[in-house]
$ cat protein.cif   # mmCIF, C-alpha atoms
data_entry
#
loop_
_atom_site.group_PDB
_atom_site.id
_atom_site.type_symbol
_atom_site.label_atom_id
_atom_site.label_comp_id
_atom_site.auth_asym_id
_atom_site.auth_seq_id
_atom_site.Cartn_x
_atom_site.Cartn_y
_atom_site.Cartn_z
ATOM 1 C CA MET A 176 78.345 76.470 169.996
ATOM 2 C CA ALA A 177 78.137 77.983 166.538
ATOM 3 C CA ILE A 178 77.443 81.668 166.018
ATOM 4 C CA ALA A 179 74.663 82.241 163.525
ATOM 5 C CA PRO A 180 75.037 85.058 160.982
ATOM 6 C CA ILE A 181 72.837 88.133 161.319
ATOM 7 C CA ASP A 182 69.670 87.651 159.323
ATOM 8 C CA PRO A 183 68.891 90.680 157.093
ATOM 9 C CA ILE A 184 65.265 90.766 158.274
ATOM 10 C CA SER A 185 66.163 90.795 161.956
ATOM 11 C CA PHE A 186 68.854 93.424 161.291
ATOM 12 C CA GLN A 187 66.246 95.592 159.638
ATOM 13 C CA ALA A 188 63.834 95.046 162.504
ATOM 14 C CA LEU A 189 66.534 95.949 165.036
ATOM 15 C CA THR A 190 67.750 99.100 163.341
ATOM 16 C CA GLY A 191 64.529 100.216 161.698
ATOM 17 C CA GLY A 192 66.406 101.015 158.507
ATOM 18 C CA ALA A 193 67.370 99.465 155.235
ATOM 19 C CA VAL A 194 69.763 96.543 155.148
ATOM 20 C CA PRO A 195 73.183 97.533 153.784
ATOM 21 C CA ALA A 196 74.045 95.690 150.583
ATOM 22 C CA ARG A 197 77.220 94.265 152.145
ATOM 23 C CA LEU A 198 75.092 92.362 154.709
ATOM 24 C CA VAL A 199 72.787 90.727 152.176
ATOM 25 C CA PRO A 200 74.111 87.239 151.392
ATOM 26 C CA SER A 201 75.127 86.807 147.793
ATOM 27 C CA ALA A 202 74.731 83.687 145.698
ATOM 28 C CA PRO A 203 77.581 81.211 146.055
ATOM 29 C CA VAL A 204 80.232 81.477 143.371
ATOM 30 C CA ALA A 205 80.304 78.438 141.144
ATOM 31 C CA GLY A 206 83.746 77.197 140.260
ATOM 32 C CA PRO A 207 85.809 74.087 139.877
ATOM 33 C CA SER A 208 85.897 71.638 142.752
ATOM 34 C CA PHE A 209 89.058 70.810 144.686
ATOM 35 C CA THR A 210 89.303 67.497 142.854
ATOM 36 C CA GLN A 211 89.084 69.243 139.487
ATOM 37 C CA LEU A 212 91.815 71.700 140.490
ATOM 38 C CA ILE A 213 94.120 68.866 141.570
ATOM 39 C CA ASP A 214 93.359 66.960 138.372
ATOM 40 C CA GLN A 215 94.103 70.024 136.220
ATOM 41 C CA GLY A 216 97.366 70.623 138.062
ATOM 42 C CA LEU A 217 98.508 67.034 137.633
ATOM 43 C CA GLN A 218 97.518 67.127 133.970
ATOM 44 C CA GLY A 219 99.698 70.233 133.572
ATOM 45 C CA VAL A 220 102.639 68.422 135.171
ATOM 46 C CA ASP A 221 102.088 65.459 132.865
ATOM 47 C CA ASP A 222 101.975 67.781 129.839
ATOM 48 C CA LYS A 223 105.292 69.403 130.824
ATOM 49 C CA ILE A 224 106.919 65.988 131.238
ATOM 50 C CA ALA A 225 105.592 64.804 127.873
ATOM 51 C CA ARG A 226 106.794 67.991 126.129
ATOM 52 C CA ALA A 227 110.268 67.698 127.668
ATOM 53 C CA ASP A 228 110.442 64.030 126.701
ATOM 54 C CA ALA A 229 109.389 64.766 123.114
ATOM 55 C CA LEU A 230 111.927 67.586 122.766
ATOM 56 C CA LEU A 231 114.693 65.428 124.215
ATOM 57 C CA LYS A 232 113.898 62.552 121.839
ATOM 58 C CA ALA A 233 113.789 64.903 118.865
ATOM 59 C CA TYR A 234 117.108 66.469 119.886
ATOM 60 C CA THR A 235 118.823 63.104 120.295
ATOM 61 C CA LEU A 236 117.553 61.995 116.880
ATOM 62 C CA GLY A 237 119.330 64.942 115.306
ATOM 63 C CA GLU A 238 116.459 67.311 114.591
ATOM 64 C CA THR A 239 117.271 71.008 114.534
ATOM 65 C CA ILE A 240 116.108 71.948 118.008
ATOM 66 C CA PRO A 241 118.205 74.433 119.984
ATOM 67 C CA VAL A 242 119.731 72.866 123.072
ATOM 68 C CA HIS A 243 118.472 75.703 125.258
ATOM 69 C CA GLN A 244 114.849 74.804 124.431
ATOM 70 C CA VAL A 245 115.470 71.227 125.529
ATOM 71 C CA THR A 246 117.190 72.398 128.706
ATOM 72 C CA ILE A 247 114.378 74.817 129.556
ATOM 73 C CA ALA A 248 111.700 72.154 128.958
ATOM 74 C CA LEU A 249 113.571 69.650 131.136
ATOM 75 C CA GLU A 250 113.944 72.208 133.923
ATOM 76 C CA GLU A 251 110.259 73.169 133.728
ATOM 77 C CA ALA A 252 109.321 69.490 134.000
ATOM 78 C CA ARG A 253 111.679 68.983 136.947
ATOM 79 C CA LEU A 254 110.269 72.000 138.775
ATOM 80 C CA ALA A 255 106.680 70.910 138.093
ATOM 81 C CA VAL A 256 107.375 67.451 139.521
ATOM 82 C CA GLU A 257 109.153 68.938 142.524
ATOM 83 C CA MET A 258 106.247 71.291 143.176
ATOM 84 C CA SER A 259 103.712 68.468 142.935
ATOM 85 C CA VAL A 260 105.746 66.417 145.432
ATOM 86 C CA GLN A 261 105.821 69.394 147.816
ATOM 87 C CA MET A 262 102.049 69.851 147.410
ATOM 88 C CA ARG A 263 101.529 66.186 148.218
ATOM 89 C CA GLU A 264 103.677 66.543 151.336
ATOM 90 C CA ARG A 265 101.754 69.620 152.489
ATOM 91 C CA LEU A 266 98.383 67.975 151.877
ATOM 92 C CA THR A 267 99.494 64.870 153.761
ATOM 93 C CA GLU A 268 100.725 67.035 156.630
ATOM 94 C CA ALA A 269 97.410 68.925 156.737
ATOM 95 C CA TYR A 270 95.465 65.650 156.713
ATOM 96 C CA ARG A 271 97.531 64.293 159.594
ATOM 97 C CA SER A 272 97.030 67.539 161.479
ATOM 98 C CA PHE A 273 93.249 67.319 161.051
ATOM 99 C CA MET A 274 93.214 63.680 162.057
ATOM 100 C CA SER A 275 95.150 64.367 165.252
ATOM 101 C CA MET A 276 92.803 67.145 166.406
ATOM 102 C CA GLN A 277 90.713 66.353 169.423
ATOM 103 C CA LEU A 278 87.034 67.172 169.204
#
$ encode --input "protein.cif" --output "structure tokens"
Amino acid sequence: MAIAPIDPISFQALTGGAVPARLVPSAPVAGPSFTQLIDQGLQGVDDKIARADALLKAYTLGETIPVHQVTIALEEARLAVEMSVQMRERLTEAYRSFMSMQL
């Protein structure tokens, strides 16, 4: 059984006073969807990998790129991939948890 929120009109009728502003429902906040957030995150990971790959190729071809920049870019790419794998594992675990719930 779901509990319905207090309607501002009935609250006013019950108390005989004005409805506090914190009880008046506000308009929903528009923002990116979950799919868009995941897509943006994966695009960021792909960008880090591409940047690290480009720096590594340029360094191996003899361009004047400091080795620490290449190392930092490679480490950023590795961490981004590792984080995306961990996110995938957590999302899969949450999905399995939801699927195993009894209704």
$ resolve_selection --input "protein.cif" --expression "the PyMOL selection byres ((chain A and resi 215-219) around 12)" --output "NGL selection string"
:A and (207-214 or 220-226 or 251-252 or 254-260 or 262-263)
$ atom_distance --input "protein.cif" --atom1 "CA of Ala227 in chain A" --atom2 "CA of Pro241 in chain A"
12.9 Å
$ resolve_selection --input "protein.cif" --expression "the PyMOL selection byres ((chain A and resi 230) around 10)" --output "list in words"
Ile224, Ala225, Arg226, Ala227, Asp228, Ala229, Leu231, Lys232, Ala233, Tyr234, Thr235, Leu236, Glu238, Ile240, Pro241, Val242, Gln244, Val245, Thr246, Ala248 and Leu249 of chain A
$ write_last_selection --input "protein.cif" --atoms "C-alpha atoms" --output "short mmCIF file (atom, residue, chain, number, x, y, z; two decimals), in the frame of the given file"
data_model
loop_
_atom_site.label_atom_id
_atom_site.label_comp_id
_atom_site.auth_asym_id
_atom_site.auth_seq_id
_atom_site.Cartn_x
_atom_site.Cartn_y
_atom_site.Cartn_z
CA ILE A 224 106.92 65.99 131.24
CA ALA A 225 105.59 64.80 127.87
CA ARG A 226 106.79 67.99 126.13
CA ALA A 227 110.27 67.70 127.67
CA ASP A 228 110.44 64.03 126.70
CA ALA A 229 109.39 64.77 123.11
CA LEU A 231 114.69 65.43 124.22
CA LYS A 232 113.90 62.55 121.84
CA ALA A 233 113.79 64.90 118.86
CA TYR A 234 117.11 66.47 119.89
CA THR A 235 118.82 63.10 120.30
CA LEU A 236 117.55 62.00 116.88
CA GLU A 238 116.46 67.31 114.59
CA ILE A 240 116.11 71.95 118.01
CA PRO A 241 118.20 74.43 119.98
CA VAL A 242 119.73 72.87 123.07
CA GLN A 244 114.85 74.80 124.43
CA VAL A 245 115.47 71.23 125.53
CA THR A 246 117.19 72.40 128.71
CA ALA A 248 111.70 72.15 128.96
CA LEU A 249 113.57 69.65 131.14
#
